[in-house]
>>> print(open('final-v7.tsv').read())   # TSV, C-alpha atoms and all ligand atoms
chain	number	residue	atom	x	y	z
B	247	MET	CA	4.83	33.72	-7.99
B	248	ASN	CA	1.54	35.19	-6.84
B	249	SER	CA	-0.27	32.68	-4.59
B	250	PHE	CA	-3.76	32.58	-3.14
B	251	LEU	CA	-2.95	29.49	-1.06
B	252	ILE	CA	-3.49	30.04	2.67
B	253	SER	CA	-0.28	30.04	4.64
B	254	LYS	CA	-0.65	26.69	6.43
B	255	TYR	CA	-0.53	24.89	3.07
B	256	LYS	CA	2.35	26.87	1.58
B	257	ASP	CA	5.00	24.31	2.58
B	258	VAL	CA	2.96	21.15	2.03
B	259	GLU	CA	4.97	18.50	0.17
B	260	PRO	CA	2.72	16.54	-2.19
B	261	TYR	CA	3.11	12.81	-2.79
B	262	VAL	CA	5.06	11.99	-5.94
B	263	PRO	CA	3.32	9.04	-7.60
B	264	GLY	CA	5.25	6.55	-9.73
B	265	GLU	CA	5.32	7.49	-13.38
B	266	GLN	CA	2.38	6.52	-15.66
B	267	PRO	CA	4.16	7.01	-19.00
B	268	ARG	CA	2.43	7.95	-22.26
B	269	ASP	CA	5.41	8.30	-24.59
B	270	LYS	CA	5.78	4.61	-25.43
B	271	LYS	CA	4.93	1.13	-24.19
B	272	TYR	CA	7.12	0.10	-21.27
B	273	ILE	CA	7.25	-3.00	-19.12
B	274	LYS	CA	5.87	-1.24	-16.05
B	275	LEU	CA	7.54	-2.48	-12.89
B	276	ASN	CA	7.36	0.85	-11.05
B	277	THR	CA	3.97	1.16	-9.30
B	278	ASN	CA	3.20	-2.31	-7.90
B	279	GLU	CA	0.11	-2.85	-10.03
B	280	SER	CA	-1.07	-6.38	-10.78
B	281	PRO	CA	0.17	-7.74	-14.12
B	282	TYR	CA	-3.16	-9.56	-14.51
B	283	PRO	CA	-6.46	-7.98	-15.60
B	284	PRO	CA	-9.64	-8.03	-13.51
B	285	SER	CA	-11.70	-11.23	-13.91
B	286	GLU	CA	-14.33	-11.38	-16.64
B	287	ALA	CA	-17.16	-11.13	-14.10
B	288	VAL	CA	-15.63	-7.87	-12.82
B	289	GLN	CA	-15.31	-6.48	-16.33
B	290	LYS	CA	-18.96	-7.34	-16.92
B	291	ALA	CA	-20.07	-5.75	-13.65
B	292	VAL	CA	-18.18	-2.58	-14.59
B	293	SER	CA	-19.98	-2.40	-17.97
B	294	GLU	CA	-23.33	-2.98	-16.28
B	295	SER	CA	-22.65	-0.21	-13.77
B	296	ALA	CA	-22.32	2.27	-16.65
B	297	LYS	CA	-26.07	1.96	-17.24
B	298	SER	CA	-26.89	3.67	-13.95
B	299	LEU	CA	-24.12	6.26	-13.70
B	300	GLN	CA	-26.73	9.03	-13.73
B	301	LEU	CA	-27.40	8.07	-10.10
B	302	TYR	CA	-25.17	8.75	-7.10
B	303	PRO	CA	-23.66	5.67	-5.50
B	304	ASP	CA	-24.90	4.36	-2.15
B	305	PRO	CA	-22.85	6.54	0.26
B	306	ALA	CA	-23.05	3.85	2.94
B	307	CYS	CA	-21.73	1.21	0.47
B	308	ARG	CA	-24.10	-1.31	2.12
B	309	ASP	CA	-23.82	-4.18	-0.37
B	310	LEU	CA	-20.04	-4.13	-0.60
B	311	ARG	CA	-19.74	-3.70	3.13
B	312	ALA	CA	-21.88	-6.75	3.79
B	313	ALA	CA	-19.96	-8.80	1.21
B	314	LEU	CA	-16.56	-7.80	2.63
B	315	ALA	CA	-17.72	-8.47	6.18
B	316	GLY	CA	-18.98	-11.92	5.15
B	317	ASN	CA	-15.63	-12.70	3.59
B	318	LEU	CA	-13.75	-11.60	6.68
B	319	GLY	CA	-16.06	-13.32	9.17
B	320	LEU	CA	-16.88	-9.93	10.70
B	321	LYS	CA	-19.95	-7.65	10.82
B	322	ALA	CA	-20.78	-4.90	8.32
B	323	GLU	CA	-20.23	-2.38	11.16
B	324	ASN	CA	-16.55	-3.45	11.21
B	325	VAL	CA	-15.87	-2.43	7.60
B	326	LEU	CA	-15.70	0.90	5.75
B	327	PRO	CA	-15.16	0.97	1.96
B	328	THR	CA	-13.05	3.92	0.79
B	329	ASN	CA	-11.58	5.56	-2.29
B	330	GLY	CA	-8.40	3.49	-2.36
B	331	SER	CA	-6.73	2.60	0.92
B	332	ASP	CA	-5.09	6.04	0.74
B	333	GLU	CA	-8.46	7.35	1.96
B	334	VAL	CA	-8.28	5.12	5.06
B	335	LEU	CA	-4.85	6.60	5.74
B	336	SER	CA	-6.05	10.20	5.24
B	337	LEU	CA	-9.09	9.73	7.48
B	338	SER	CA	-6.98	8.08	10.18
B	339	PHE	CA	-4.33	10.81	10.24
B	340	MET	CA	-7.11	13.40	10.36
B	341	ALA	CA	-8.95	11.55	13.13
B	342	TYR	CA	-6.19	10.45	15.46
B	343	ALA	CA	-3.12	12.68	15.17
B	344	HIS	CA	-2.19	16.36	15.35
B	345	ASP	CA	0.59	18.57	16.68
B	346	GLU	CA	0.36	17.17	20.21
B	347	LYS	CA	-0.71	13.62	19.34
B	348	PRO	CA	2.16	12.37	17.19
B	349	ALA	CA	2.08	9.86	14.39
B	350	TYR	CA	4.80	7.24	14.88
B	351	TYR	CA	6.13	5.32	11.90
B	352	PRO	CA	9.39	3.96	10.46
B	353	ASP	CA	11.91	6.27	8.80
B	354	VAL	CA	11.76	4.09	5.68
B	355	THR	CA	8.14	3.44	4.74
B	356	TYR	CA	5.30	4.54	2.46
B	357	GLY	CA	5.94	8.20	1.56
B	358	PHE	CA	2.30	9.18	1.85
B	359	TYR	CA	2.48	9.06	5.68
B	360	ASP	CA	4.83	12.07	5.67
B	361	VAL	CA	2.61	13.85	3.17
B	362	LEU	CA	-0.41	13.40	5.46
B	363	SER	CA	1.56	14.54	8.51
B	364	GLY	CA	2.44	17.70	6.58
B	365	LEU	CA	-1.13	18.30	5.43
B	366	PHE	CA	-2.77	17.80	8.83
B	367	GLY	CA	-0.04	19.51	10.89
B	368	VAL	CA	0.81	16.24	12.61
B	369	LYS	CA	3.98	15.88	14.63
B	370	ALA	CA	5.70	12.97	12.86
B	371	THR	CA	8.00	10.78	14.93
B	372	HIS	CA	10.16	8.56	12.75
B	373	PHE	CA	11.58	5.43	14.34
B	374	ALA	CA	14.67	4.24	12.48
B	375	LEU	CA	14.51	0.77	10.98
B	376	GLU	CA	17.40	-1.49	11.96
B	377	SER	CA	20.39	-1.63	9.58
B	378	ASP	CA	18.82	-4.66	7.81
B	379	PHE	CA	15.54	-2.69	7.42
B	380	THR	CA	13.65	-4.79	9.98
B	381	ILE	CA	11.37	-3.10	12.53
B	382	ASP	CA	12.25	-3.15	16.22
B	383	ILE	CA	8.80	-3.65	17.72
B	384	LYS	CA	9.87	-2.45	21.16
B	385	LYS	CA	10.02	1.13	19.85
B	386	TYR	CA	6.24	1.07	19.32
B	387	CYS	CA	5.42	-0.32	22.77
B	388	GLY	CA	4.66	1.88	25.78
B	389	LEU	CA	3.75	4.97	23.71
B	390	GLU	CA	1.30	7.27	25.47
B	391	SER	CA	-1.00	8.64	22.79
B	392	GLY	CA	-1.28	9.30	19.08
B	393	LEU	CA	-1.26	7.16	15.97
B	394	ILE	CA	1.12	4.28	15.26
B	395	VAL	CA	1.32	3.46	11.55
B	396	ILE	CA	3.02	0.34	10.27
B	397	ALA	CA	2.80	-1.02	6.75
B	398	ASN	CA	2.79	-4.81	7.00
B	399	PRO	CA	4.58	-5.88	4.90
B	400	ASN	CA	6.50	-2.61	4.89
B	401	ALA	CA	7.10	-0.68	1.68
B	402	PRO	CA	9.49	-0.34	-0.05
B	403	THR	CA	11.41	-2.92	2.00
B	404	GLY	CA	8.83	-5.72	1.58
B	405	ILE	CA	9.61	-7.09	5.05
B	406	ALA	CA	6.70	-8.39	7.19
B	407	ILE	CA	6.15	-8.54	10.95
B	408	SER	CA	4.15	-11.24	12.72
B	409	LEU	CA	0.66	-11.20	14.16
B	410	SER	CA	2.02	-11.63	17.67
B	411	GLU	CA	4.21	-8.54	17.22
B	412	ILE	CA	1.19	-6.48	16.12
B	413	GLU	CA	-0.77	-7.83	19.05
B	414	ARG	CA	2.01	-6.79	21.40
B	415	ILE	CA	1.94	-3.21	20.07
B	416	CYS	CA	-1.86	-3.00	20.47
B	417	LYS	CA	-1.59	-4.31	24.03
B	418	GLU	CA	1.41	-2.28	25.14
B	419	SER	CA	0.33	1.04	23.59
B	420	PRO	CA	-3.39	0.77	24.46
B	421	ASP	CA	-4.01	4.54	24.27
B	422	CYS	CA	-2.64	4.83	20.75
B	423	VAL	CA	-4.57	3.96	17.62
B	424	VAL	CA	-2.57	1.31	15.76
B	425	LEU	CA	-3.05	1.52	12.00
B	426	ILE	CA	-1.72	-1.51	10.12
B	427	ASP	CA	-1.50	-0.83	6.40
B	428	GLU	CA	-1.99	-4.20	4.70
B	429	ALA	CA	-1.74	-3.00	1.07
B	430	TYR	CA	0.50	-5.99	0.22
B	431	VAL	CA	-0.57	-8.58	2.77
B	432	GLU	CA	-2.05	-11.06	0.26
B	433	PHE	CA	1.36	-11.85	-1.27
B	434	GLY	CA	2.81	-13.71	1.70
B	435	ALA	CA	2.19	-12.05	5.09
B	436	GLU	CA	-0.48	-12.75	7.68
B	437	SER	CA	-3.44	-10.38	8.04
B	438	CYS	CA	-4.21	-9.05	11.50
B	439	ALA	CA	-7.87	-8.33	10.57
B	440	PRO	CA	-9.20	-11.00	13.00
B	441	LEU	CA	-7.63	-9.04	15.88
B	442	VAL	CA	-10.03	-6.09	15.49
B	443	THR	CA	-12.64	-7.85	17.63
B	444	LYS	CA	-10.09	-8.05	20.44
B	445	TYR	CA	-8.34	-4.65	20.20
B	446	PRO	CA	-10.51	-1.50	19.90
B	447	ASN	CA	-7.37	0.53	19.12
B	448	LEU	CA	-6.54	-1.46	15.95
B	449	ILE	CA	-7.42	-0.26	12.42
B	450	VAL	CA	-6.47	-2.34	9.39
B	451	SER	CA	-6.36	-0.81	5.93
B	452	ARG	CA	-6.66	-3.01	2.85
B	453	THR	CA	-6.79	-2.32	-0.87
B	454	TYR	CA	-8.16	-3.74	-4.10
B	455	SER	CA	-5.28	-2.07	-5.97
B	456	LYS	CA	-2.69	-4.84	-5.85
B	457	SER	CA	-4.06	-8.33	-5.18
B	458	MET	CA	-7.45	-7.65	-6.81
B	459	SER	CA	-6.19	-5.99	-10.03
B	460	LEU	CA	-8.27	-2.82	-9.47
B	461	ALA	CA	-5.73	0.00	-9.01
B	462	GLY	CA	-7.62	2.00	-11.64
B	463	ALA	CA	-10.93	1.73	-9.81
B	464	ARG	CA	-9.63	3.29	-6.55
B	465	LEU	CA	-11.11	0.99	-3.92
B	466	GLY	CA	-9.92	0.17	-0.43
B	467	TYR	CA	-11.43	-0.42	3.00
B	468	ALA	CA	-10.85	-0.07	6.71
B	469	ILE	CA	-11.46	-2.93	9.13
B	470	ALA	CA	-11.86	-2.05	12.82
B	471	ASN	CA	-13.97	-2.03	15.94
B	472	SER	CA	-17.39	-0.47	15.16
B	473	ASP	CA	-16.59	2.68	17.20
B	474	ARG	CA	-13.46	3.37	15.11
B	475	ILE	CA	-15.40	2.70	11.89
B	476	ARG	CA	-18.07	5.19	12.98
B	477	GLU	CA	-15.38	7.82	13.68
B	478	LEU	CA	-13.76	7.33	10.29
B	479	GLU	CA	-17.13	7.29	8.57
B	480	THR	CA	-18.16	10.58	10.18
B	481	LEU	CA	-15.06	12.20	8.74
B	482	LYS	CA	-15.69	10.57	5.36
B	483	TYR	CA	-19.17	12.15	5.32
B	484	THR	CA	-17.66	15.55	6.12
B	485	LEU	CA	-15.14	15.39	3.29
B	486	ASN	CA	-16.69	13.41	0.46
B	487	PRO	CA	-19.80	11.31	1.23
B	488	TYR	CA	-19.73	9.65	-2.20
B	489	SER	CA	-16.03	8.91	-2.29
B	490	VAL	CA	-16.57	5.36	-3.59
B	491	ASN	CA	-18.19	5.50	-7.01
B	492	ARG	CA	-20.79	3.12	-8.49
B	493	THR	CA	-18.34	1.41	-10.80
B	494	ALA	CA	-15.89	0.70	-8.00
B	495	LEU	CA	-18.69	-0.65	-5.78
B	496	ALA	CA	-19.85	-3.00	-8.53
B	497	ALA	CA	-16.31	-4.14	-9.36
B	498	GLY	CA	-15.47	-4.67	-5.69
B	499	ALA	CA	-18.47	-6.90	-5.03
B	500	ALA	CA	-18.00	-8.92	-8.23
B	501	ALA	CA	-14.32	-9.49	-7.44
B	502	LEU	CA	-15.24	-11.14	-4.13
B	503	ASP	CA	-17.26	-13.74	-6.08
B	504	ASP	CA	-14.10	-14.59	-8.03
B	505	ILE	CA	-11.78	-14.81	-5.07
B	506	ASP	CA	-10.14	-18.03	-6.30
B	507	TYR	CA	-8.99	-16.31	-9.50
B	508	TYR	CA	-7.35	-13.54	-7.46
B	509	ARG	CA	-5.81	-15.91	-4.92
B	510	ASN	CA	-4.28	-17.85	-7.76
B	511	ASN	CA	-2.88	-14.63	-9.28
B	512	CYS	CA	-1.30	-13.76	-5.93
B	513	ARG	CA	0.27	-17.22	-5.76
B	514	LEU	CA	1.65	-16.75	-9.28
B	515	VAL	CA	3.07	-13.35	-8.37
B	516	ALA	CA	4.71	-14.78	-5.24
B	517	GLN	CA	6.26	-17.64	-7.26
B	518	THR	CA	7.50	-15.21	-9.90
B	519	ARG	CA	8.93	-12.99	-7.14
B	520	ASP	CA	10.90	-15.87	-5.64
B	521	MET	CA	12.17	-16.95	-9.05
B	522	THR	CA	13.20	-13.36	-9.86
B	523	ALA	CA	14.92	-13.00	-6.48
B	524	GLU	CA	17.08	-16.05	-7.18
B	525	LYS	CA	18.11	-14.71	-10.58
B	526	LEU	CA	18.90	-11.29	-9.15
B	527	LYS	CA	21.09	-12.86	-6.45
B	528	ASN	CA	23.00	-14.68	-9.17
B	529	LEU	CA	23.53	-11.34	-10.92
B	530	GLY	CA	25.17	-9.85	-7.79
B	531	PHE	CA	22.15	-8.23	-6.12
B	532	GLU	CA	21.41	-8.17	-2.39
B	533	LEU	CA	17.70	-8.43	-1.58
B	534	THR	CA	15.45	-8.03	1.44
B	535	ASP	CA	13.04	-10.85	2.31
B	536	SER	CA	10.04	-9.47	0.43
B	537	LYS	CA	6.56	-10.81	1.16
B	538	THR	CA	4.99	-8.42	-1.36
B	539	ASN	CA	4.48	-8.04	-5.11
B	540	PHE	CA	7.85	-6.27	-5.46
B	541	VAL	CA	11.49	-6.89	-4.63
B	542	PHE	CA	13.81	-4.39	-2.99
B	543	CYS	CA	17.40	-4.85	-4.10
B	544	ARG	CA	20.81	-3.27	-4.56
B	545	HIS	CA	23.68	-4.28	-6.74
B	546	LYS	CA	27.09	-4.90	-5.22
B	547	SER	CA	28.85	-2.51	-7.63
B	548	VAL	CA	26.53	-0.63	-9.99
B	549	PRO	CA	24.60	2.37	-8.53
B	550	ALA	CA	20.80	2.10	-8.47
B	551	ASN	CA	20.15	5.31	-10.43
B	552	GLU	CA	22.42	4.10	-13.22
B	553	LEU	CA	20.59	0.77	-13.41
B	554	SER	CA	17.21	2.48	-13.34
B	555	ASP	CA	18.23	4.84	-16.20
B	556	LYS	CA	19.59	2.00	-18.33
B	557	LEU	CA	16.50	-0.13	-17.73
B	558	ARG	CA	14.35	2.79	-18.80
B	559	GLU	CA	16.32	3.14	-22.04
B	560	ALA	CA	15.67	-0.57	-22.58
B	561	GLY	CA	11.91	-0.04	-22.07
B	562	ILE	CA	11.57	-1.20	-18.44
B	563	LEU	CA	10.43	1.11	-15.64
B	564	VAL	CA	11.44	0.42	-12.02
B	565	ARG	CA	11.36	2.72	-8.98
B	566	HIS	CA	14.40	4.39	-7.48
B	567	PHE	CA	13.77	6.32	-4.26
B	568	THR	CA	16.28	9.02	-3.50
B	569	GLY	CA	16.79	9.38	0.24
B	570	VAL	CA	19.73	8.66	2.48
B	571	ARG	CA	18.83	5.06	3.32
B	572	THR	CA	17.21	4.05	0.03
B	573	ASN	CA	19.47	5.71	-2.52
B	574	ASP	CA	21.39	2.51	-3.30
B	575	TRP	CA	18.23	0.46	-3.70
B	576	LEU	CA	15.69	-0.28	-6.41
B	577	ARG	CA	12.09	-1.35	-5.93
B	578	ILE	CA	11.01	-3.62	-8.75
B	579	SER	CA	7.34	-4.64	-9.06
B	580	ILE	CA	6.60	-8.22	-10.04
B	581	GLY	CA	5.11	-8.55	-13.50
B	582	THR	CA	4.31	-11.68	-15.47
B	583	GLN	CA	6.96	-14.42	-15.67
B	584	GLU	CA	7.76	-13.19	-19.16
B	585	ASP	CA	8.20	-9.57	-17.95
B	586	MET	CA	10.57	-10.73	-15.25
B	587	LEU	CA	12.63	-12.85	-17.63
B	588	THR	CA	12.99	-9.79	-19.86
B	589	LEU	CA	14.05	-7.81	-16.78
B	590	THR	CA	16.72	-10.27	-15.64
B	591	ASP	CA	18.03	-10.80	-19.21
B	592	THR	CA	18.24	-7.03	-19.69
B	593	LEU	CA	20.03	-6.56	-16.36
B	594	GLU	CA	22.49	-9.30	-17.28
B	595	ARG	CA	23.25	-7.49	-20.53
B	596	ILE	CA	23.63	-4.11	-18.76
B	597	LEU	CA	25.91	-5.59	-16.10
B	598	ASN	CA	28.04	-7.20	-18.80
B	599	GLY	CA	28.55	-3.77	-20.32
B	600	GLY	CA	26.07	-4.30	-23.19
Q	1	LIG	N1	-0.12	1.64	1.39
Q	1	LIG	C1	1.02	1.34	0.78
Q	1	LIG	C2	2.14	0.79	1.59
Q	1	LIG	C3	1.17	1.53	-0.61
Q	1	LIG	O1	2.32	1.23	-1.22
Q	1	LIG	C4	0.07	2.03	-1.33
Q	1	LIG	C5	0.17	2.21	-2.84
Q	1	LIG	N2	0.81	3.31	-3.28
Q	1	LIG	C6	-1.09	2.36	-0.64
Q	1	LIG	C7	-1.17	2.14	0.72
Q	1	LIG	C8	-2.27	3.00	-1.31
Q	1	LIG	O2	-2.89	2.18	-2.20
Q	1	LIG	P1	-4.34	2.49	-2.76
Q	1	LIG	O3	-4.73	3.89	-2.38
Q	1	LIG	O4	-4.20	2.30	-4.22
Q	1	LIG	O5	-5.23	1.50	-2.11
>>> encode(input="final-v7.tsv", output="structure tokens")
Amino acid sequence: MNSFLISKYKDVEPYVPGEQPRDKKYIKLNTNESPYPPSEAVQKAVSESAKSLQLYPDPACRDLRAALAGNLGLKAENVLPTNGSDEVLSLSFMAYAHDEKPAYYPDVTYGFYDVLSGLFGVKATHFALESDFTIDIKKYCGLESGLIVIANPNAPTGIAISLSEIERICKESPDCVVLIDEAYVEFGAESCAPLVTKYPNLIVSRTYSKSMSLAGARLGYAIANSDRIRELETLKYTLNPYSVNRTALAAGAAALDDIDYYRNNCRLVAQTRDMTAEKLKNLGFELTDSKTNFVFCRHKSVPANELSDKLREAGILVRHFTGVRTNDWLRISIGTQEDMLTLTDTLERILNGG
């Protein structure tokens, strides 16, 4: 094929997002979205924002920044709203890693990290997770320079590390930037955001996509020392100054006023997760200790791809990651209690040969 693409991008491997089907209505347990809609106040704020879409958004995102900072007990200079938390990840890889300053992250983690390493010509150093998929923190201590990236909880394993372990990495690799991706933190792990006032090398990325029911709005944010925020913001202004649109800004601020609604949804999701995990164990599945809005599981005898295909035929989408260490496993997002009952009933039928 004829290509105009310049050579350094010829071998770039794009991220493969989970399927957003259009052929029929599925129970969607494949992309870790919230099963609950945004609150009414958010829906109203979104409609209101439509009235001024002829205007560019505030590129400095001042109102949302102040609201987020207030919520976190930090200053506005410690927060940077972004287009999904993927933008925090992109800006951080761009800012802090290249061919001589490696990015260090687990061999089983969010696939976008490898995509960004490829795009920015970053030397990626993968540290193997232990055989039970836990992270050995020692591997991230004593590193000389570059970018350490850890999803906490990790994806797709769902396993969390503690605040003291993150603190140890920041302390013992002081010349590395430590990026903690907290996309799923609200479902049962502890946020390390308060540590940014103590560790200038720590950046925390958070998202509205999961806990705040706003995956479709594309809104995330970085939390860090003001110097790091300024660095990321400079790069944001070089790439796309208006990356966060008016509707997302309005939705993001309104959601903070309804924080109890969202906290309650997260509690419900966590309860449903634990109930689903018990049922899956009874059906012969092994599970990791997930602190997220998904479970990661494998069946003792039926291959994951077979289960995923049969679930699809039955109208339920889950995620199967090919890859040496994940090939036997399925990642199943947590839906409503009703969705999850349908899932476990359907699995029971499939496993009984139905
Ligand atoms: N981090 C992790 C670990 C994720 O799974 C995702 C969702 N795909 C993201 C970050 C990005 O989420 P978003 O850009 O929607 O905020």
>>> atom_distance(input="final-v7.tsv", atom1="CA of Leu441 (chain B)", atom2="CA of Pro352 (chain B)")
22.1 Å
>>> closest_residue(input="final-v7.tsv", among="B:Phe373, B:Tyr467, B:Phe379, B:Trp575", to="ligand LIG 1 (chain Q)", atoms="all atoms listed in the file")
B:Tyr467
>>> residues_near_ligand(input="final-v7.tsv", ligand="ligand LIG 1 (chain Q)", cutoff="8 Å", atoms="only C-alpha atoms and all ligand atoms", output="PyMOL selection string")
chain B and resi 263+277-278+329-333+335+355-356+358+397-402+427-430+451-456+461+464-466
>>> residues_around(input="final-v7.tsv", residues="Ile273 (chain B)", least_positions_apart="4", cutoff="8 Å", atoms="only C-alpha atoms", output="ChimeraX atom specification")
/B:561-563,585
>>> axis_aligned_box(input="final-v7.tsv", around="region 579-586 of chain B", padding_each_side="4 Å", output="JSON")
{"center_x": 7.4, "center_y": -9.5, "center_z": -14.1, "size_x": 14.3, "size_y": 17.8, "size_z": 18.1}
>>> closest_residue(input="final-v7.tsv", among="B:Ile412, B:Ile449, B:Leu533, B:Ile580", to="Ala468 (chain B)", atoms="only C-alpha atoms")
B:Ile449
>>> atom_distance(input="final-v7.tsv", atom1="CA of Leu485 (chain B)", atom2="CA of Val368 (chain B)")
18.5 Å
>>> atom_distance(input="final-v7.tsv", atom1="CA of Gly434 (chain B)", atom2="CA of Val288 (chain B)")
24.2 Å
>>> closest_residue(input="final-v7.tsv", among="B:Ser554, B:Thr572, B:Thr493, B:Thr443", to="Asp473 (chain B)", atoms="only C-alpha atoms")
B:Thr443
>>> closest_residue(input="final-v7.tsv", among="B:Asp574, B:Glu477, B:Glu552, B:Glu265", to="Glu532 (chain B)", atoms="only C-alpha atoms")
B:Asp574
>>> closest_residue(input="final-v7.tsv", among="B:Arg311, B:Lys537, B:Lys274, B:Lys385", to="Ile475 (chain B)", atoms="all atoms listed in the file")
B:Arg311
